[in-house]
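Engineer: The structure follows.
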Amino acid sequence: MAKGMLITFEGNEGSGKSTQIKLLTERLQAAGRQVTSVREPGGTGLGELLRDILKNQREGVHIDPIAELLMMNASRAQLVQEVIRPALKRNKIVLVDRFFDSTIVYQGHGRGLDLDLVREVVKVAIGSTLPLQTYLLRVPLETSETRRAQRSIETGHARDRFEASERAFFERIERGYDTIARREPDRIRVIDATLPIEEVHAAIWSCFPKPCKPSRG
Ligand SMILES: Nc1ncnc2c1ncn2[C@@H]1O[C@H](COP(=O)(O)OP(=O)(O)O)[C@@H](O)[C@H]1O
Ligand SMILES: [Mg+2]
């Protein structure tokens with residue numbers, strides 16, 4: 001049986017992460033693989049409660065960047081323990097909609113927290129559970145904005161606490177993603193996500209890691 005693997009998806013809001021995870025899940029399932037797909041923050045009972053706090057602005061509630069960093073990673077630690085590690089043990093493919101790179105980029109590059117501090121906290125949350133491959137879906141800010149607007153018309157959802165940030169924040173996110181992609185070109189595959197949905201899917205599928213057979217012993 002093929003071994004489990006952890007694959008993560010990164011990119012701006014509206015870059016197509018949810019759309020592509022759905023398509024990839026269907027394709028892998030059709031190929032007979034067992035797939036678990038989860039999102040961050042969230043993916044567990046505790047994680048979804050934290051997601052609600054992190055995403056939905058409440059009057060009179062201010063979230064300090066350090067508190068934000070710790071809550072993101074509390075959600076992540078729970079997800080790793082409760083979902084990701086057990087699924088990998090059962091040889092499943094785990095697809096995660098945002099993982100620790102989002103924290104490096106949003107809380108580090110975006111909020112301006114010290115990157116070494118951010119990496120230390122991430123290490124506490126995930127230990128040695130690192131993704132085999134990460135897809136970075138790349139769209140210009142303008143495309144991200146139009147798609148987000150389109151999606152809120154479709155779903156009726158208002159902008160969340162992150163989406164309500166100023167443009168300079170999103171520019172730092174964009175540069176942050178470029179920086180991490182340059183640092184780890186083997187793990188992070190940059191995908192041109194301005195292409196039509198099916199072409200983005202084809203690009204993702206073409207570099208999907210080959211299942212490695214467990215060694216015979
Ligand atoms: N390649 C694409 N071309 C055009 N529209 C897209 C593409 N990928 C996604 N969309 C649309 O953009 C919006 C945001 O996509 P979504 O998958 O929710 O992004 P994310 O999960 O990264 O925020 C949705 O309305 C979706 O249908
Ligand atoms: Mg999404």
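Quick note on naming: the chains in the structure tokens go A, B, ... in the order shown, residues restart at 1 in each chain, and ligands are numbered from 1 in order of appearance.
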May I have all residues of stretch 110-155 of chain A that DSSP, computed from the backbone, assigns to alpha helix (DSSP H), given as a ChimeraX atom specification?
Structural biologist: /A:115-126,141-155
Engineer: Using the selection just defined, write its residues with C-alpha atoms as an mmCIF file, in the first residue's frame.
Structural biologist:
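Saved to result.cif:
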data_model
loop_
_atom_site.group_PDB
_atom_site.id
_atom_site.type_symbol
_atom_site.label_atom_id
_atom_site.label_comp_id
_atom_site.auth_asym_id
_atom_site.auth_seq_id
_atom_site.Cartn_x
_atom_site.Cartn_y
_atom_site.Cartn_z
ATOM 1 C CA LEU A 115 10.417 35.467 12.097
ATOM 2 C CA ASP A 116 12.619 33.373 14.407
ATOM 3 C CA LEU A 117 10.048 33.696 17.186
ATOM 4 C CA VAL A 118 7.292 32.671 14.778
ATOM 5 C CA ARG A 119 9.309 29.632 13.633
ATOM 6 C CA GLU A 120 9.901 28.570 17.257
ATOM 7 C CA VAL A 121 6.199 28.657 18.063
ATOM 8 C CA VAL A 122 5.414 26.735 14.866
ATOM 9 C CA LYS A 123 7.966 24.098 15.847
ATOM 10 C CA VAL A 124 6.200 23.604 19.182
ATOM 11 C CA ALA A 125 2.882 23.147 17.364
ATOM 12 C CA ILE A 126 3.942 20.741 14.613
ATOM 13 C CA LEU A 141 -3.674 41.117 -5.623
ATOM 14 C CA GLU A 142 -6.213 42.487 -8.108
ATOM 15 C CA THR A 143 -7.335 38.960 -9.016
ATOM 16 C CA SER A 144 -7.520 38.011 -5.344
ATOM 17 C CA GLU A 145 -9.733 41.038 -4.690
ATOM 18 C CA THR A 146 -12.102 40.388 -7.615
ATOM 19 C CA ARG A 147 -12.461 36.706 -6.743
ATOM 20 C CA ARG A 148 -13.109 37.460 -3.074
ATOM 21 C CA ALA A 149 -15.771 39.960 -4.060
ATOM 22 C CA GLN A 150 -17.297 37.380 -6.426
ATOM 23 C CA ARG A 151 -17.290 34.745 -3.694
ATOM 24 C CA SER A 152 -18.976 36.991 -1.151
ATOM 25 C CA ILE A 153 -21.723 37.689 -3.693
ATOM 26 C CA GLU A 154 -22.095 33.923 -4.279
ATOM 27 C CA THR A 155 -22.054 32.906 -0.619
#
Engineer: Step by step, measure atom-to-atom distances between ligand 1 and each residue using only C-alpha atoms and all ligand atoms, keep those at most 12 Å, then write them as a compact mmCIF listing (two decimals) with N, CA and C atoms, in the first residue's frame.
Structural biologist:
# COMPACT_ATOMS: atom_id res chain seq x y z
N PHE A 9 -1.64 23.54 0.99
CA PHE A 9 -1.99 24.55 -0.01
C PHE A 9 -1.88 25.93 0.60
N GLU A 10 -1.22 26.83 -0.12
CA GLU A 10 -1.04 28.19 0.36
C GLU A 10 -1.41 29.16 -0.74
N GLY A 11 -1.58 30.41 -0.34
CA GLY A 11 -1.88 31.46 -1.32
C GLY A 11 -2.87 32.45 -0.73
N ASN A 12 -2.97 33.59 -1.38
CA ASN A 12 -3.91 34.63 -0.98
C ASN A 12 -5.34 34.13 -0.91
N GLU A 13 -6.17 34.86 -0.21
CA GLU A 13 -7.60 34.60 -0.26
C GLU A 13 -8.05 34.71 -1.72
N GLY A 14 -8.86 33.76 -2.17
CA GLY A 14 -9.36 33.83 -3.53
C GLY A 14 -8.40 33.26 -4.56
N SER A 15 -7.28 32.71 -4.12
CA SER A 15 -6.32 32.15 -5.09
C SER A 15 -6.80 30.80 -5.63
N GLY A 16 -7.79 30.21 -4.96
CA GLY A 16 -8.36 28.95 -5.48
C GLY A 16 -8.00 27.72 -4.67
N LYS A 17 -7.54 27.90 -3.45
CA LYS A 17 -7.13 26.76 -2.62
C LYS A 17 -8.28 25.77 -2.42
N SER A 18 -9.42 26.27 -1.96
CA SER A 18 -10.56 25.37 -1.68
C SER A 18 -11.01 24.66 -2.95
N THR A 19 -11.07 25.41 -4.04
CA THR A 19 -11.48 24.85 -5.33
C THR A 19 -10.53 23.71 -5.73
N GLN A 20 -9.23 23.94 -5.62
CA GLN A 20 -8.25 22.95 -6.06
C GLN A 20 -8.17 21.75 -5.11
N ILE A 21 -8.36 21.98 -3.83
CA ILE A 21 -8.34 20.85 -2.88
C ILE A 21 -9.50 19.90 -3.19
N LYS A 22 -10.63 20.48 -3.53
CA LYS A 22 -11.80 19.67 -3.87
C LYS A 22 -11.51 18.81 -5.12
N LEU A 23 -10.97 19.46 -6.16
CA LEU A 23 -10.67 18.73 -7.40
C LEU A 23 -9.62 17.65 -7.19
N VAL A 38 -8.52 19.01 5.33
CA VAL A 38 -8.88 19.88 6.44
C VAL A 38 -8.40 21.30 6.18
N ARG A 39 -8.93 22.24 6.97
CA ARG A 39 -8.53 23.63 6.79
C ARG A 39 -7.97 24.18 8.10
N GLU A 40 -7.19 25.24 7.93
CA GLU A 40 -6.62 25.95 9.07
C GLU A 40 -7.01 27.41 9.01
N VAL A 96 -4.09 19.91 3.37
CA VAL A 96 -4.42 20.97 4.32
C VAL A 96 -4.49 22.32 3.62
N ASP A 97 -5.63 22.99 3.83
CA ASP A 97 -5.89 24.31 3.30
C ASP A 97 -5.26 25.31 4.27
N ARG A 98 -4.03 25.75 3.98
CA ARG A 98 -3.17 26.57 4.83
C ARG A 98 -2.54 25.74 5.93
N TYR A 135 1.77 23.50 -2.31
CA TYR A 135 1.42 24.24 -3.53
C TYR A 135 1.12 25.67 -3.14
N LEU A 136 1.85 26.59 -3.79
CA LEU A 136 1.58 28.01 -3.57
C LEU A 136 0.82 28.52 -4.80
N LEU A 137 -0.46 28.80 -4.61
CA LEU A 137 -1.29 29.28 -5.71
C LEU A 137 -1.10 30.80 -5.81
N ARG A 138 -0.59 31.20 -6.96
CA ARG A 138 -0.15 32.58 -7.12
C ARG A 138 -1.11 33.34 -8.02
N VAL A 139 -1.73 34.39 -7.46
CA VAL A 139 -2.52 35.32 -8.27
C VAL A 139 -2.15 36.75 -7.85
N THR A 143 -6.54 40.17 -8.77
CA THR A 143 -7.34 38.96 -9.02
C THR A 143 -7.91 38.44 -7.70
N SER A 144 -7.07 38.46 -6.66
CA SER A 144 -7.52 38.01 -5.34
C SER A 144 -8.73 38.83 -4.90
N GLU A 145 -8.64 40.16 -5.11
CA GLU A 145 -9.73 41.04 -4.69
C GLU A 145 -11.01 40.77 -5.47
N THR A 146 -10.89 40.63 -6.80
CA THR A 146 -12.10 40.39 -7.62
C THR A 146 -12.73 39.05 -7.24
N ARG A 147 -11.90 38.03 -7.06
CA ARG A 147 -12.46 36.71 -6.74
C ARG A 147 -13.12 36.68 -5.37
N ARG A 148 -12.50 37.41 -4.41
CA ARG A 148 -13.11 37.46 -3.07
C ARG A 148 -14.47 38.15 -3.13
N ALA A 149 -14.51 39.23 -3.92
CA ALA A 149 -15.77 39.96 -4.06
C ALA A 149 -16.83 39.05 -4.69
N GLN A 150 -16.41 38.31 -5.74
CA GLN A 150 -17.30 37.38 -6.43
C GLN A 150 -17.83 36.32 -5.45
N ARG A 151 -16.90 35.79 -4.63
CA ARG A 151 -17.29 34.74 -3.69
C ARG A 151 -18.25 35.27 -2.64
N SER A 152 -18.03 36.52 -2.17
CA SER A 152 -18.98 36.99 -1.15
C SER A 152 -20.35 37.26 -1.74
N ILE A 153 -20.40 37.57 -3.05
CA ILE A 153 -21.72 37.69 -3.69
C ILE A 153 -22.37 36.31 -3.75
N GLU A 154 -21.56 35.29 -4.14
CA GLU A 154 -22.10 33.92 -4.28
C GLU A 154 -22.55 33.35 -2.94
N THR A 155 -21.76 33.57 -1.89
CA THR A 155 -22.05 32.91 -0.62
C THR A 155 -22.74 33.82 0.39
N GLY A 156 -22.75 35.12 0.12
CA GLY A 156 -23.38 36.05 1.04
C GLY A 156 -22.56 36.34 2.29
N HIS A 157 -21.27 35.87 2.28
CA HIS A 157 -20.43 36.08 3.46
C HIS A 157 -19.79 37.46 3.45
N ARG A 159 -16.82 40.20 4.72
CA ARG A 159 -15.37 40.06 4.83
C ARG A 159 -14.98 39.74 6.27
N ASP A 160 -14.00 38.82 6.43
CA ASP A 160 -13.59 38.46 7.79
C ASP A 160 -12.51 39.40 8.30
N PHE A 162 -9.34 39.13 8.67
CA PHE A 162 -8.14 39.26 7.83
C PHE A 162 -8.45 39.99 6.54
N GLU A 163 -9.60 39.62 5.93
CA GLU A 163 -9.95 40.23 4.64
C GLU A 163 -10.18 41.73 4.76
N ILE A 191 2.40 27.76 -8.38
CA ILE A 191 1.48 27.45 -9.47
C ILE A 191 0.82 28.75 -9.94
N ASP A 192 0.81 28.97 -11.24
CA ASP A 192 0.12 30.14 -11.79
C ASP A 192 -1.39 29.90 -11.70
N ALA A 193 -2.00 30.52 -10.69
CA ALA A 193 -3.41 30.26 -10.42
C ALA A 193 -4.33 31.27 -11.10
N THR A 194 -3.77 32.04 -12.06
CA THR A 194 -4.64 32.91 -12.86
C THR A 194 -5.26 32.13 -14.02
N LEU A 195 -4.70 30.94 -14.28
CA LEU A 195 -5.20 30.10 -15.37
C LEU A 195 -6.60 29.56 -15.04
N PRO A 196 -7.33 29.07 -16.04
CA PRO A 196 -8.64 28.48 -15.75
C PRO A 196 -8.52 27.32 -14.75
N ILE A 197 -9.59 27.10 -13.99
CA ILE A 197 -9.59 26.12 -12.91
C ILE A 197 -9.02 24.76 -13.33
N GLU A 198 -9.44 24.25 -14.51
CA GLU A 198 -8.97 22.93 -14.95
C GLU A 198 -7.47 22.92 -15.26
N GLU A 199 -6.97 24.05 -15.76
CA GLU A 199 -5.52 24.11 -16.06
C GLU A 199 -4.69 24.19 -14.80
N VAL A 200 -5.21 24.88 -13.80
CA VAL A 200 -4.51 24.93 -12.50
C VAL A 200 -4.48 23.52 -11.92
N HIS A 201 -5.60 22.83 -12.02
CA HIS A 201 -5.67 21.45 -11.52
C HIS A 201 -4.65 20.56 -12.24
N ALA A 202 -4.56 20.71 -13.55
CA ALA A 202 -3.61 19.90 -14.33
C ALA A 202 -2.17 20.18 -13.89
N ALA A 203 -1.88 21.45 -13.62
CA ALA A 203 -0.51 21.81 -13.18
C ALA A 203 -0.21 21.17 -11.82
N ILE A 204 -1.20 21.17 -10.96
CA ILE A 204 -1.03 20.57 -9.62
C ILE A 204 -0.83 19.07 -9.75
Engineer: Run DSSP on the backbone and give me the residues of stretch 43-181 of chain A it puts in strand (DSSP E), as number ranges by chain.
Structural biologist: A: 93-97, 133-138
Engineer: May I have the residues from that selection written out with C-alpha atoms, as a PDB file, in the first residue's frame?
Structural biologist:
ATOM      1  CA  ILE A  93      -3.142  11.495   1.925  1.00  0.00           C
ATOM      2  CA  VAL A  94      -3.761  14.592   4.019  1.00  0.00           C
ATOM      3  CA  LEU A  95      -4.515  17.838   2.175  1.00  0.00           C
ATOM      4  CA  VAL A  96      -4.419  20.965   4.325  1.00  0.00           C
ATOM      5  CA  ASP A  97      -5.888  24.314   3.298  1.00  0.00           C
ATOM      6  CA  GLN A 133       4.945  19.229  -0.737  1.00  0.00           C
ATOM      7  CA  THR A 134       3.298  22.630  -0.662  1.00  0.00           C
ATOM      8  CA  TYR A 135       1.417  24.236  -3.526  1.00  0.00           C
ATOM      9  CA  LEU A 136       1.576  28.007  -3.573  1.00  0.00           C
ATOM     10  CA  LEU A 137      -1.286  29.283  -5.712  1.00  0.00           C
ATOM     11  CA  ARG A 138      -0.151  32.581  -7.118  1.00  0.00           C
TER      12      ARG A 138
END
Engineer: May I ask which of the residues A:Gln107, A:Ser102, A:Leu28, A:Val190 is the closest one to A:Ile63, counting only C-alpha atoms?
Structural biologist: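 Among the listed residues, the smallest separation from A:Ile63 belongs to A:Gln107.
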Engineer: How many Å separate atom CA of A:Leu6 from atom CA of A:Glu48?
Structural biologist: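 Atom CA of A:Glu48 lies at a distance of 20.4 Å from atom CA of A:Leu6.
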Engineer: Could you check which of A:Leu46, A:Leu88, A:Val35, A:Ile7 is closest to A:Met72, using only C-alpha atoms?
Structural biologist: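 Selected residue with least distance to A:Met72: A:Leu46.
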Engineer: Closest to A:Asn91 among A:Arg189, A:Arg76, A:Arg172, A:Arg33, using only C-alpha atoms?
Structural biologist: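 Of all the options, A:Arg33 lies closest to A:Asn91.
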